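Undergrad: Below is a structure I'd like to ask you about.
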Amino acid sequence: GGLSHSADMKNLVVFHRAENDWSKKQWFDSNNVVLHKSAFLNEDVIVFVDPVTGNVTRALGKGHFIMPHGVFVDHHDNIWVTDVALHQVMKFEPNATNPSLVLGTRLEPGEDTAHFCKPSSVVVDAGGYVYVGDGYCNSRVLKFTREGEFVGEFGTAGREAGVAGVMGLVHDLTINHADRVIYIADREAGQIHTMTLLGEFTAVHSVPGSVYGLDYIPEQQLIAAVNISSEDEPAKIMLVNPNTGAIVATYPSEPASLKMPHALTYLRKIGIFLGEIASPFPVWKFSEIISETKRTDQPAFFNVLTSNIPMSFLIVIAVLAVIPVVYMSVVVSMRCREKKEGESFDRNGFQKLLRDYDSSDEEEDLVFKNSKVYR
């Protein structure tokens with residue numbers, strides 16, 4: 001299934017498959033039509049969890065789904081989910097137990113604007129436009145208005161590596177609201193595509209292994225991506241620079257502890273949560289990222305003024321020219337002041353004050369603290 005969080009980041013949102021294990025039996029025919037049309041999950045599979053204690057605070061969704069996949073909570077706490085068996089996207093308004101909007105045609109896969117084929121993911125921008133990753137069959141992203149009206153279709157199916165917008169299995173989406181772009185996980189190709197909200201593909205970056213889940217970390221301006229274990233590549237979380245594709249760091253330190261990661265989400269000041277689709281289906285919690293960058297204790301403008309020696313010298317000359325009789329007292333006063341200032345400030349230079357939203361010119365040392373598992 002999928003992971004997201006409430007708009008205020010006080011709840012982790014888990015969208016799970018309960019007893020419907022995709023790997024245990026054949027679920028689809030050769031035309032991607034689900035074989036078990038009556039296998040609706042008889043339990044609440046959209047679960048709100050306290051990210052600190054792991055306690056369930058709310059649950060819904062009973063009887064609505066067969067094979068849950070992606071989940072996203074928008075700015076208004078509307079819950080958006082995808083079901084690959086139903087080939088649909090649903091919207092649940094806050095405190096509702098039934099969907100208020102359904103995109104796609106129930107149980108019918110297709111490739112036109114009224115059909116999806118195993119839609120994997122969904123995100124919503126600040127203006128209310130909906131973007132659907134479609135997905136396992138169609139290798140495209142579709143855009144709709146908040147009312148469900150079709151706007152556009154983006155992406156081309158293909159296996160050509162390194163070409164932005166040429167995608168295979170579109171497995172996950174995440175949105176960078178500040179830069180107005182969407183990052184797309186091209187799973188089997190191990191690529192992350194960048195697409196503007198207008199549907200223009202501007203970049204593509206390769207990462208090791210098959211990339212399954214993505215989330216954007218605004219505070220660090222990095223993409224958190226997770227791959228799955230293979231013979232050549234153990235599963236791990238990668239922090240990726242979206243501009244260069246450089247992998248800044250990887251976690252955890254013992255990759256063997258992760259088996260089949262499927263989705264992740266980031267909660268500000270809490271950490272990254274990672275969901276697996278291998279028994280016992282744990283959700284891992286990796287504590288907050290720490291940026292070990294030196295910062296000055298004094299504001300930048302104060303540092304600059306107190307180290308402005310030429311200005312002090314000019315003031316001294318002006319005083320001596322106007323009041324010669326107090327020459328000695330002024331000299332003594334200025335020397336004492338310089339000595340006092342020298343004890344507090346280094347005149348060899350001052351480091352720029354970094355605000356919370358500034359980026360350092362130096363490479364930052366990014367680390368995770370402790371991890372915890374919820375089952």
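A note on labels: chains of the structure tokens are A, B, ... as shown, every chain counts residues from 1, and ligands are counted from 1 in their shown order.
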Could you tell me, as a PyMOL selection string, which residues of stretch 68-250 of chain A DSSP assigns to strand (DSSP E or B) when given the backbone?
TA: chain A and resi 68-73+79-83+88-92+101-103+121-124+130-134+140-144+150-154+156-157+166-167+170-176+181-186+191-196+201-206+211-217+222-227+237-240+247-250
Undergrad: A:Gly213, A:Arg159, A:His262, A:Ser206: which is nearest A:Thr244, counting only C-alpha atoms?
TA: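 Distance minimum relative to A:Thr244 lands on A:Ser206.
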Undergrad: Please report as CSV every residue of stretch 143-242 of chain A lying within 9 Å of stretch 265-275 of chain A, along with the nearest atom pair and their distance in Å (one decimal), using only C-alpha atoms.
TA:
residue,atom,partner,partner_atom,distance
A:Gly213,CA,A:Thr265,CA,8.4
A:Leu214,CA,A:Thr265,CA,7.4
A:Asp215,CA,A:Thr265,CA,5.6
A:Tyr216,CA,A:Tyr266,CA,7.5
A:Ile217,CA,A:Tyr266,CA,6.7
A:Pro218,CA,A:Arg268,CA,8.9
A:Glu219,CA,A:Arg268,CA,8.2
A:Ala224,CA,A:Tyr266,CA,8.1
A:Val226,CA,A:Leu274,CA,8.5
A:Ile237,CA,A:Leu274,CA,8.8
Undergrad: Please produce a file of the residues just selected, as an mmCIF file, in the first residue's frame, where the atoms kept are C-alpha atoms.
TA:
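Writing the result to selection.cif gives the following:
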data_model
loop_
_atom_site.group_PDB
_atom_site.id
_atom_site.type_symbol
_atom_site.label_atom_id
_atom_site.label_comp_id
_atom_site.auth_asym_id
_atom_site.auth_seq_id
_atom_site.Cartn_x
_atom_site.Cartn_y
_atom_site.Cartn_z
ATOM 1 C CA GLY A 213 8.745 5.334 -3.312
ATOM 2 C CA LEU A 214 9.434 9.081 -3.224
ATOM 3 C CA ASP A 215 8.770 12.057 -0.994
ATOM 4 C CA TYR A 216 10.122 15.586 -1.086
ATOM 5 C CA ILE A 217 11.810 17.091 1.996
ATOM 6 C CA PRO A 218 11.313 20.887 1.769
ATOM 7 C CA GLU A 219 13.623 21.765 4.667
ATOM 8 C CA ALA A 224 13.843 10.888 -0.278
ATOM 9 C CA VAL A 226 13.712 4.095 -1.644
ATOM 10 C CA ILE A 237 16.678 5.150 1.526
#
Undergrad: For the contact check between stretch 180-199 of chain A and stretch 109-132 of chain A, emit one row per residue of stretch 180-199 of chain A within 12 Å, containing the shortest atom pair and the distance in Å rounded to one decimal, counting only C-alpha atoms, chain then rising number order, as CSV.
TA:
residue,atom,partner,partner_atom,distance
A:Arg180,CA,A:Asp125,CA,8.1
A:Val181,CA,A:Asp125,CA,9.3
A:Ile182,CA,A:Val123,CA,8.7
A:Tyr183,CA,A:Val123,CA,10.4
A:Ile184,CA,A:Ser121,CA,9.7
A:Ala185,CA,A:Ser121,CA,10.0
A:Asp186,CA,A:Ser120,CA,11.3
A:Arg187,CA,A:Ser120,CA,11.0
A:Met195,CA,A:Tyr131,CA,11.1
A:Thr196,CA,A:Asp125,CA,11.1
A:Leu197,CA,A:Asp125,CA,8.2
A:Leu198,CA,A:Tyr129,CA,10.6
A:Gly199,CA,A:Tyr131,CA,10.1
Undergrad: Env of stretch 59-72 of chain A: 7 Å cut, atoms = only C-alpha atoms, seq-sep filter 4 positions within chain, self excluded. Answer as a ChimeraX atom specification.
TA: /A:1-4,15-17,20,39-48,79-86,97,120-123
Undergrad: Would you mind exporting the chosen residues as a PDB file, in the first residue's frame, restricted to N, CA and C atoms?
TA:
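Output saved as selection37.pdb:
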ATOM      1  N   GLY A   1       0.804  -1.198   0.000  1.00  0.00           N
ATOM      2  CA  GLY A   1       0.000   0.000   0.000  1.00  0.00           C
ATOM      3  C   GLY A   1       0.841   1.253   0.000  1.00  0.00           C
ATOM      4  N   GLY A   2       0.285   2.334   0.561  1.00  0.00           N
ATOM      5  CA  GLY A   2       0.960   3.614   0.516  1.00  0.00           C
ATOM      6  C   GLY A   2       1.014   4.309   1.856  1.00  0.00           C
ATOM      7  N   LEU A   3       1.796   5.398   1.917  1.00  0.00           N
ATOM      8  CA  LEU A   3       1.951   6.202   3.123  1.00  0.00           C
ATOM      9  C   LEU A   3       1.800   7.679   2.778  1.00  0.00           C
ATOM     10  N   SER A   4       1.199   8.427   3.696  1.00  0.00           N
ATOM     11  CA  SER A   4       1.120   9.870   3.579  1.00  0.00           C
ATOM     12  C   SER A   4       1.017  10.441   4.987  1.00  0.00           C
ATOM     13  N   PHE A  15      -2.170   3.311   4.121  1.00  0.00           N
ATOM     14  CA  PHE A  15      -3.168   2.695   3.253  1.00  0.00           C
ATOM     15  C   PHE A  15      -2.688   1.278   2.956  1.00  0.00           C
ATOM     16  N   HIS A  16      -3.266   0.273   3.644  1.00  0.00           N
ATOM     17  CA  HIS A  16      -2.715  -1.084   3.555  1.00  0.00           C
ATOM     18  C   HIS A  16      -3.689  -2.053   2.899  1.00  0.00           C
ATOM     19  N   ARG A  17      -3.203  -3.259   2.597  1.00  0.00           N
ATOM     20  CA  ARG A  17      -3.961  -4.246   1.820  1.00  0.00           C
ATOM     21  C   ARG A  17      -4.562  -5.362   2.668  1.00  0.00           C
ATOM     22  N   ASN A  20      -5.269  -9.093   1.472  1.00  0.00           N
ATOM     23  CA  ASN A  20      -5.087  -9.215   0.023  1.00  0.00           C
ATOM     24  C   ASN A  20      -3.625  -9.007  -0.353  1.00  0.00           C
ATOM     25  N   ALA A  39     -13.447  -9.574  -4.014  1.00  0.00           N
ATOM     26  CA  ALA A  39     -12.491  -9.634  -2.900  1.00  0.00           C
ATOM     27  C   ALA A  39     -12.307  -8.284  -2.218  1.00  0.00           C
ATOM     28  N   PHE A  40     -13.414  -7.611  -1.941  1.00  0.00           N
ATOM     29  CA  PHE A  40     -13.319  -6.321  -1.258  1.00  0.00           C
ATOM     30  C   PHE A  40     -12.896  -6.531   0.195  1.00  0.00           C
ATOM     31  N   LEU A  41     -12.040  -5.658   0.678  1.00  0.00           N
ATOM     32  CA  LEU A  41     -11.499  -5.768   2.027  1.00  0.00           C
ATOM     33  C   LEU A  41     -12.552  -5.366   3.057  1.00  0.00           C
ATOM     34  N   ASN A  42     -12.825  -6.274   3.970  1.00  0.00           N
ATOM     35  CA  ASN A  42     -13.876  -6.055   4.958  1.00  0.00           C
ATOM     36  C   ASN A  42     -13.321  -5.456   6.248  1.00  0.00           C
ATOM     37  N   GLU A  43     -12.438  -4.504   6.103  1.00  0.00           N
ATOM     38  CA  GLU A  43     -11.910  -3.783   7.257  1.00  0.00           C
ATOM     39  C   GLU A  43     -11.445  -2.407   6.815  1.00  0.00           C
ATOM     40  N   ASP A  44     -11.274  -1.521   7.785  1.00  0.00           N
ATOM     41  CA  ASP A  44     -10.800  -0.171   7.497  1.00  0.00           C
ATOM     42  C   ASP A  44      -9.318  -0.214   7.157  1.00  0.00           C
ATOM     43  N   VAL A  45      -8.982   0.186   5.943  1.00  0.00           N
ATOM     44  CA  VAL A  45      -7.594   0.075   5.489  1.00  0.00           C
ATOM     45  C   VAL A  45      -6.917   1.433   5.310  1.00  0.00           C
ATOM     46  N   ILE A  46      -7.641   2.534   5.529  1.00  0.00           N
ATOM     47  CA  ILE A  46      -7.021   3.861   5.617  1.00  0.00           C
ATOM     48  C   ILE A  46      -6.906   4.167   7.103  1.00  0.00           C
ATOM     49  N   VAL A  47      -5.688   4.148   7.611  1.00  0.00           N
ATOM     50  CA  VAL A  47      -5.468   4.202   9.061  1.00  0.00           C
ATOM     51  C   VAL A  47      -4.624   5.420   9.414  1.00  0.00           C
ATOM     52  N   PHE A  48      -5.117   6.227  10.356  1.00  0.00           N
ATOM     53  CA  PHE A  48      -4.365   7.356  10.888  1.00  0.00           C
ATOM     54  C   PHE A  48      -3.625   6.893  12.145  1.00  0.00           C
ATOM     55  N   ILE A  79      -8.509  13.054   1.565  1.00  0.00           N
ATOM     56  CA  ILE A  79      -7.693  11.857   1.368  1.00  0.00           C
ATOM     57  C   ILE A  79      -7.908  11.351  -0.055  1.00  0.00           C
ATOM     58  N   TRP A  80      -6.826  11.213  -0.812  1.00  0.00           N
ATOM     59  CA  TRP A  80      -6.879  10.707  -2.180  1.00  0.00           C
ATOM     60  C   TRP A  80      -6.174   9.345  -2.217  1.00  0.00           C
ATOM     61  N   VAL A  81      -6.819   8.358  -2.813  1.00  0.00           N
ATOM     62  CA  VAL A  81      -6.242   7.004  -2.841  1.00  0.00           C
ATOM     63  C   VAL A  81      -6.406   6.399  -4.228  1.00  0.00           C
ATOM     64  N   THR A  82      -5.552   5.409  -4.525  1.00  0.00           N
ATOM     65  CA  THR A  82      -5.673   4.655  -5.775  1.00  0.00           C
ATOM     66  C   THR A  82      -5.837   3.171  -5.458  1.00  0.00           C
ATOM     67  N   ASP A  83      -6.609   2.495  -6.302  1.00  0.00           N
ATOM     68  CA  ASP A  83      -6.795   1.047  -6.184  1.00  0.00           C
ATOM     69  C   ASP A  83      -6.474   0.437  -7.545  1.00  0.00           C
ATOM     70  N   VAL A  84      -5.438  -0.412  -7.591  1.00  0.00           N
ATOM     71  CA  VAL A  84      -4.992  -0.959  -8.877  1.00  0.00           C
ATOM     72  C   VAL A  84      -5.933  -2.030  -9.412  1.00  0.00           C
ATOM     73  N   ALA A  85      -6.729  -2.658  -8.549  1.00  0.00           N
ATOM     74  CA  ALA A  85      -7.694  -3.664  -9.007  1.00  0.00           C
ATOM     75  C   ALA A  85      -8.955  -3.017  -9.558  1.00  0.00           C
ATOM     76  N   LEU A  86      -9.403  -1.956  -8.899  1.00  0.00           N
ATOM     77  CA  LEU A  86     -10.584  -1.230  -9.364  1.00  0.00           C
ATOM     78  C   LEU A  86     -10.257  -0.303 -10.529  1.00  0.00           C
ATOM     79  N   THR A  97     -16.736   8.882   5.318  1.00  0.00           N
ATOM     80  CA  THR A  97     -16.431   7.454   5.198  1.00  0.00           C
ATOM     81  C   THR A  97     -16.735   6.918   3.808  1.00  0.00           C
ATOM     82  N   SER A 120      -1.171   3.992  -9.846  1.00  0.00           N
ATOM     83  CA  SER A 120      -0.286   3.733  -8.707  1.00  0.00           C
ATOM     84  C   SER A 120      -0.283   4.828  -7.661  1.00  0.00           C
ATOM     85  N   SER A 121      -0.499   6.081  -8.088  1.00  0.00           N
ATOM     86  CA  SER A 121      -0.230   7.195  -7.174  1.00  0.00           C
ATOM     87  C   SER A 121      -1.028   8.420  -7.567  1.00  0.00           C
ATOM     88  N   VAL A 122      -1.130   9.352  -6.611  1.00  0.00           N
ATOM     89  CA  VAL A 122      -1.868  10.588  -6.842  1.00  0.00           C
ATOM     90  C   VAL A 122      -1.309  11.677  -5.944  1.00  0.00           C
ATOM     91  N   VAL A 123      -1.211  12.908  -6.470  1.00  0.00           N
ATOM     92  CA  VAL A 123      -0.858  14.083  -5.672  1.00  0.00           C
ATOM     93  C   VAL A 123      -1.758  15.233  -6.095  1.00  0.00           C
TER      94      VAL A 123
END
Undergrad: Could you check which of A:Ser253, A:Thr53, A:His75, A:Val34 is closest to A:His5, using only C-alpha atoms?
TA: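 Checking each candidate against A:His5, we get A:His75 as the closest.
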Undergrad: When you count only C-alpha atoms, which of these residues is closest to A:Ala263: A:Val204, A:Leu101, A:Val283, A:Ala249?
TA: A:Val283
Undergrad: Please compute the atom CA of A:Thr105-atom CA of A:Arg146 distance, one decimal, in Å.
TA: 17.5 Å
Undergrad: Distance atom CA of A:Asn138-atom CA of A:Glu19, one decimal place?
TA: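 Between atom CA of A:Asn138 and atom CA of A:Glu19 the gap works out to 27.2 Å.
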Undergrad: Out of A:Lys25, A:Phe201, A:Asp172, A:Asn78, which residue has the shortest atom-to-atom distance to A:Gly155 when counting only C-alpha atoms?
TA: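 Comparing A:Lys25, A:Phe201, A:Asp172, A:Asn78 against A:Gly155, the winner is A:Phe201.
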Undergrad: Please indicate the distance in Å from atom CA of A:Val14 to atom CA of A:Val49, rounded to one decimal place.
TA: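 Separation between atom CA of A:Val14 and atom CA of A:Val49: 7.5 Å.
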